[in-house]
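Structure first, then comments.
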Amino acid sequence: MTGCQLALLAAREGAAETRGGSKPWLVEDGLWERIEPLLPVVERRFRYPGRRRIDERRVLCGILFVLYTGIPWRHLPQELGFGSGMTCWRRLRDWNEAGVWQRLHELLLAELRAAGMLDFSRTAVDSSHVRAMKGGPGTGRSPVDRGKTGSKHHVIVEAHGLPLAVTLTGGNRNDVTELIPLIQAVPPIRGRSGQPLRRPKRVYAHRVYDHDVYRDRVRRLEITPVIARRGTEHGSGLGVYRWVVEGAIALLHWFRRLRIRWEIRDDIHQAFVTLGCAVICWRRLKTSF
C-alpha cells in the first residue's frame, strides 16, 4: 500500500470517527486550561500585521488529528478548520522549541502525584522499534527488522504504567546503553510539599538489560536494579511488575503517528512522543475528577 493510499485510509477513518461522534483530537476545556498558559505569547505587528494568526486551540486540534490518524501534514483536511498542515507543523515545531510539551507532561505528572495516582516505589523500562521511512537523525539499521532503517522508543513508567520519560535512538542501539540516560530523563515531579520526586526506589527490566556494569551504575543513583539474568529459565516472576511498560508502549502506538516514524527531524518525532505521553497522563488524571 502506497503512502497516498495510507493517507486516504487514515482520512476516511478519521471522518468516520467524526460522524460517529468520537473526536479524540478535539481539545477538552480542562486540557486547554493547562496548555494555554504554557504557550509562548506572539505579539502581532501593527504596521504590517499580515494575515490574522489562526486560533491556537484550533491548530492544536490539527496537531492532535495528525497524531491520532497518522495522516501526512499536506493531506490535513481544510474543511475541519484546523488550518493548513504547514501551519500546524510550524506550530508543533515552535511550541516544542519553547518546551511546551515537556512542561505539559511535567505539569500533568505533578497533578497525578497530588491526586495520589503516582507510585514511585518502582519503575519499569523497555523499548520498541519503529520503522523510519525517511531516515534522519536518531535512526539506524535495525537488527530485528532485516536491517531496515528504524528508531527505538525507550520508555520508563511508574508502577501503574504512566510514562515518565521516553527517549529516541537509532534502531541499532543496544537497550542497556540507554538505561542510565532514560532514568536521568525522568523530570523532577512536584505536586506535594517537600522535595520533588526524581529517582524511583527500584527499576525492573528484562534480560536485554542484564549487564553488571550497568547494574552498578544504577546503584550509584541510589536505585535498586531488578533485572532478569541471561541464561536462566523463563518465569522469573518479574513480568508481574514489568507488564505495565508493555501496556504503556501499546498506548503510545495507539497513536498512529507513533507506529511509523515519518519525520526526518528527530525533534519533531520526539515532540509527537512527548505529546502522546501527556495525553495518556491527561486521560488517567480525568478519572480522579
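Chain labels follow the order of the C-alpha cells: the first chain is A, the next B, and so on; residue numbering restarts at 1 in every chain, and ligands are counted from 1 in their shown order.
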**Asked** So which residues touch range 129-146 of chain A within 8 Å, counting only C-alpha atoms, skipping near sequence neighbours fewer than 4 positions away, as a list in words?
**Response** Gly150, Ser151, Lys152, His153, Leu168, Thr169, Gly170, Gly171, Asn172, Arg173, Leu258, Arg259, Ile260, Arg261, Trp262, Glu263, Ile264, Arg265 and Asp266 of chain A
Tell me, as a PyMOL selection string, which residues lie within 10 Å of range 203-211 of chain A, counting only C-alpha atoms; anything in the same chain fewer than 6 positions away does not count. chain A and resi 120-126+156-159+174-179+183+218+223-232+234+236+238-239+241-242+245
Would you save the residues of that selection, restricted to N, CA, C and O atoms, as a short mmCIF file (atom, residue, chain, number, x, y, z; two decimals), in the first residue's frame?
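The resulting file, part.cif, is reproduced below:
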```cif
data_model
loop_
_atom_site.label_atom_id
_atom_site.label_comp_id
_atom_site.auth_asym_id
_atom_site.auth_seq_id
_atom_site.Cartn_x
_atom_site.Cartn_y
_atom_site.Cartn_z
N PHE A 120 5.91 5.82 42.93
CA PHE A 120 7.33 5.87 42.57
C PHE A 120 8.13 4.80 43.30
O PHE A 120 9.36 4.84 43.32
N SER A 121 7.44 3.83 43.90
CA SER A 121 8.17 2.78 44.60
C SER A 121 8.91 1.87 43.64
O SER A 121 9.91 1.24 44.01
N ARG A 122 8.44 1.79 42.39
CA ARG A 122 9.13 1.01 41.38
C ARG A 122 8.82 1.57 40.00
O ARG A 122 7.80 2.23 39.79
N THR A 123 9.74 1.31 39.07
CA THR A 123 9.56 1.70 37.67
C THR A 123 9.93 0.49 36.81
O THR A 123 10.56 -0.46 37.29
N ALA A 124 9.55 0.56 35.56
CA ALA A 124 9.90 -0.49 34.60
C ALA A 124 10.35 0.17 33.30
O ALA A 124 9.86 1.24 32.94
N VAL A 125 11.30 -0.47 32.63
CA VAL A 125 11.82 0.08 31.37
C VAL A 125 11.71 -0.98 30.28
O VAL A 125 11.76 -2.17 30.53
N ASP A 126 11.58 -0.49 29.06
CA ASP A 126 11.56 -1.36 27.88
C ASP A 126 11.70 -0.47 26.66
O ASP A 126 11.72 0.77 26.77
N ILE A 156 10.24 4.55 30.13
CA ILE A 156 10.26 4.24 31.57
C ILE A 156 8.94 4.68 32.16
O ILE A 156 8.45 5.78 31.87
N VAL A 157 8.31 3.79 32.93
CA VAL A 157 6.99 4.07 33.52
C VAL A 157 7.04 3.83 35.02
O VAL A 157 7.92 3.13 35.53
N GLU A 158 6.08 4.44 35.73
CA GLU A 158 5.97 4.17 37.17
C GLU A 158 5.14 2.91 37.39
O GLU A 158 4.79 2.22 36.42
N ALA A 159 4.81 2.61 38.64
CA ALA A 159 4.23 1.31 38.97
C ALA A 159 2.90 1.04 38.29
O ALA A 159 2.54 -0.11 38.03
N ASN A 174 21.82 -0.62 21.39
CA ASN A 174 21.58 -1.65 22.40
C ASN A 174 20.79 -1.05 23.55
O ASN A 174 21.12 0.02 24.06
N ASP A 175 19.75 -1.74 23.99
CA ASP A 175 18.85 -1.19 25.01
C ASP A 175 19.58 -0.82 26.30
O ASP A 175 19.28 0.21 26.91
N VAL A 176 20.52 -1.66 26.72
CA VAL A 176 21.15 -1.43 28.01
C VAL A 176 21.97 -0.14 28.04
O VAL A 176 22.11 0.49 29.08
N THR A 177 22.49 0.28 26.88
CA THR A 177 23.27 1.52 26.84
C THR A 177 22.40 2.74 27.06
O THR A 177 22.91 3.83 27.37
N GLU A 178 21.09 2.60 26.92
CA GLU A 178 20.17 3.73 27.10
C GLU A 178 19.53 3.71 28.48
O GLU A 178 18.74 4.61 28.80
N LEU A 179 19.90 2.74 29.32
CA LEU A 179 19.26 2.61 30.63
C LEU A 179 19.51 3.84 31.51
O LEU A 179 18.57 4.42 32.06
N ILE A 183 16.78 6.80 32.74
CA ILE A 183 16.49 7.12 34.15
C ILE A 183 16.73 8.61 34.41
O ILE A 183 15.95 9.28 35.09
N VAL A 218 23.37 1.92 38.05
CA VAL A 218 22.04 2.18 38.60
C VAL A 218 22.12 2.31 40.11
O VAL A 218 21.49 3.20 40.71
N ILE A 223 19.35 3.60 43.29
CA ILE A 223 18.19 2.86 42.80
C ILE A 223 18.55 1.38 42.78
O ILE A 223 19.66 1.01 42.38
N THR A 224 17.64 0.52 43.21
CA THR A 224 17.88 -0.92 43.21
C THR A 224 17.50 -1.50 41.87
O THR A 224 16.32 -1.43 41.47
N PRO A 225 18.46 -2.09 41.12
CA PRO A 225 18.11 -2.71 39.84
C PRO A 225 17.54 -4.12 40.05
O PRO A 225 18.12 -4.92 40.78
N VAL A 226 16.42 -4.41 39.44
CA VAL A 226 15.83 -5.75 39.48
C VAL A 226 15.74 -6.21 38.03
O VAL A 226 14.76 -5.95 37.32
N ILE A 227 16.80 -6.89 37.57
CA ILE A 227 16.96 -7.24 36.17
C ILE A 227 17.13 -8.75 36.04
O ILE A 227 17.94 -9.35 36.76
N ALA A 228 16.38 -9.35 35.14
CA ALA A 228 16.47 -10.79 34.93
C ALA A 228 17.86 -11.16 34.40
O ALA A 228 18.48 -10.39 33.66
N ARG A 229 18.34 -12.33 34.78
CA ARG A 229 19.66 -12.81 34.37
C ARG A 229 19.55 -13.60 33.06
O ARG A 229 18.61 -14.36 32.84
N ARG A 230 20.55 -13.42 32.20
CA ARG A 230 20.61 -14.21 30.98
C ARG A 230 20.93 -15.67 31.32
O ARG A 230 21.61 -15.95 32.30
N GLY A 231 20.44 -16.57 30.49
CA GLY A 231 20.76 -17.97 30.68
C GLY A 231 19.87 -18.68 31.68
O GLY A 231 19.96 -19.90 31.83
N THR A 232 19.03 -17.94 32.40
CA THR A 232 18.13 -18.57 33.35
C THR A 232 16.82 -18.92 32.66
O THR A 232 16.48 -18.39 31.61
N HIS A 234 12.90 -19.09 31.78
CA HIS A 234 11.84 -18.09 31.79
C HIS A 234 10.91 -18.35 32.97
O HIS A 234 10.83 -19.45 33.49
N SER A 236 10.82 -15.80 35.59
CA SER A 236 11.50 -15.19 36.73
C SER A 236 10.52 -14.51 37.68
O SER A 236 10.86 -14.23 38.82
N LEU A 238 9.29 -11.51 37.18
CA LEU A 238 9.36 -10.06 37.02
C LEU A 238 8.24 -9.53 36.14
O LEU A 238 7.94 -8.33 36.18
N GLY A 239 7.63 -10.41 35.34
CA GLY A 239 6.54 -9.96 34.49
C GLY A 239 5.36 -9.41 35.26
O GLY A 239 4.57 -8.62 34.73
N TYR A 241 5.51 -7.23 37.44
CA TYR A 241 5.75 -5.80 37.57
C TYR A 241 6.07 -5.13 36.24
O TYR A 241 5.87 -3.94 36.08
N ARG A 242 6.59 -5.91 35.28
CA ARG A 242 7.07 -5.34 34.04
C ARG A 242 5.98 -5.13 32.99
O ARG A 242 6.17 -4.34 32.06
N VAL A 245 4.91 -1.55 31.50
CA VAL A 245 5.64 -0.79 30.48
C VAL A 245 5.24 -1.25 29.09
O VAL A 245 5.18 -0.44 28.15
#
```
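Reported to one decimal place, the separation of CA of Phe82 in chain A from CA of Ile54 in chain A is 8.2 Å.
Take the candidates A:Gly81, A:Gly276, A:Gly62, A:Pro37 and check each one against Val100 in chain A using only C-alpha atoms; the shortest distance goes to A:Pro37.
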Sel. of alpha helix (DSSP H) residues, range 126-262 of chain A, as a list in words: Leu179, Ile180, Pro181, Leu182, Ile183, Gln184, Asp212, Val213, Tyr214, Arg215, Asp216, Arg217, Val218, Arg219, Arg220, Gly239, Val240, Tyr241, Arg242, Trp243, Val244, Val245, Glu246, Gly247, Ala248, Ile249, Ala250, Leu251 and Leu252 of chain A
Store the residues picked out above in a file with N, CA and C atoms, as a compact mmCIF listing (two decimals), in the first residue's frame.
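Written output follows (out-v3.txt):
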```txt
# COMPACT_ATOMS: atom_id res chain seq x y z
N LEU A 179 19.90 2.74 29.32
CA LEU A 179 19.26 2.61 30.63
C LEU A 179 19.51 3.84 31.51
N ILE A 180 20.74 4.25 31.65
CA ILE A 180 21.06 5.40 32.51
C ILE A 180 20.50 6.70 31.94
N PRO A 181 20.70 7.01 30.63
CA PRO A 181 20.07 8.22 30.09
C PRO A 181 18.55 8.24 30.26
N LEU A 182 17.92 7.07 30.19
CA LEU A 182 16.47 7.00 30.34
C LEU A 182 16.07 7.34 31.78
N ILE A 183 16.78 6.80 32.74
CA ILE A 183 16.49 7.12 34.15
C ILE A 183 16.73 8.61 34.41
N GLN A 184 17.80 9.14 33.84
CA GLN A 184 18.12 10.55 34.05
C GLN A 184 17.15 11.48 33.33
N ASP A 212 26.37 -6.33 34.47
CA ASP A 212 26.77 -5.92 35.82
C ASP A 212 27.29 -4.49 35.87
N VAL A 213 27.92 -4.03 34.79
CA VAL A 213 28.42 -2.65 34.78
C VAL A 213 27.26 -1.67 34.94
N TYR A 214 26.17 -1.93 34.22
CA TYR A 214 25.03 -1.02 34.29
C TYR A 214 24.25 -1.21 35.59
N ARG A 215 24.30 -2.41 36.17
CA ARG A 215 23.70 -2.58 37.49
C ARG A 215 24.40 -1.68 38.50
N ASP A 216 25.72 -1.64 38.43
CA ASP A 216 26.48 -0.79 39.35
C ASP A 216 26.16 0.68 39.13
N ARG A 217 26.00 1.08 37.87
CA ARG A 217 25.69 2.48 37.58
C ARG A 217 24.31 2.86 38.12
N VAL A 218 23.37 1.92 38.05
CA VAL A 218 22.04 2.18 38.60
C VAL A 218 22.12 2.31 40.11
N ARG A 219 22.90 1.47 40.75
CA ARG A 219 23.04 1.54 42.21
C ARG A 219 23.67 2.86 42.64
N ARG A 220 24.59 3.40 41.82
CA ARG A 220 25.20 4.69 42.17
C ARG A 220 24.17 5.80 42.20
N GLY A 239 7.63 -10.41 35.34
CA GLY A 239 6.54 -9.96 34.49
C GLY A 239 5.36 -9.41 35.26
N VAL A 240 5.24 -9.78 36.53
CA VAL A 240 4.16 -9.25 37.36
C VAL A 240 4.27 -7.74 37.48
N TYR A 241 5.51 -7.23 37.44
CA TYR A 241 5.75 -5.80 37.57
C TYR A 241 6.07 -5.13 36.24
N ARG A 242 6.59 -5.91 35.28
CA ARG A 242 7.07 -5.34 34.04
C ARG A 242 5.98 -5.13 32.99
N TRP A 243 4.87 -5.79 33.14
CA TRP A 243 3.86 -5.74 32.07
C TRP A 243 3.33 -4.33 31.85
N VAL A 244 3.44 -3.47 32.88
CA VAL A 244 2.88 -2.12 32.75
C VAL A 244 3.61 -1.31 31.68
N VAL A 245 4.91 -1.55 31.50
CA VAL A 245 5.64 -0.79 30.48
C VAL A 245 5.24 -1.25 29.09
N GLU A 246 4.95 -2.53 28.93
CA GLU A 246 4.46 -3.02 27.65
C GLU A 246 3.09 -2.42 27.33
N GLY A 247 2.27 -2.26 28.37
CA GLY A 247 0.98 -1.62 28.17
C GLY A 247 1.13 -0.16 27.77
N ALA A 248 2.11 0.54 28.37
CA ALA A 248 2.34 1.95 28.03
C ALA A 248 2.81 2.09 26.58
N ILE A 249 3.67 1.18 26.13
CA ILE A 249 4.13 1.21 24.74
C ILE A 249 2.95 0.98 23.80
N ALA A 250 2.06 0.06 24.18
CA ALA A 250 0.87 -0.19 23.35
C ALA A 250 -0.01 1.06 23.27
N LEU A 251 -0.14 1.79 24.37
CA LEU A 251 -0.92 3.03 24.37
C LEU A 251 -0.27 4.08 23.48
N LEU A 252 1.05 4.19 23.54
CA LEU A 252 1.75 5.15 22.69
C LEU A 252 1.55 4.82 21.22
```
Margin query: Quick check for you: according to DSSP on this backbone, which residues of range 122-249 of chain A are classed as strand (DSSP E)? Reply as a ChimeraX atom specification.
Written below: /A:123-132,140-141,149-158,163-170,202-205,224-227
The residue from A:Pro40, A:Phe272, A:Arg74, A:Thr167 with the smallest atom-to-atom distance to Asp94 in chain A, counting only C-alpha atoms, is A:Pro40
Taken to one decimal, the CA of Leu26 in chain A-CA of Val186 in chain A distance is 28.3 Å
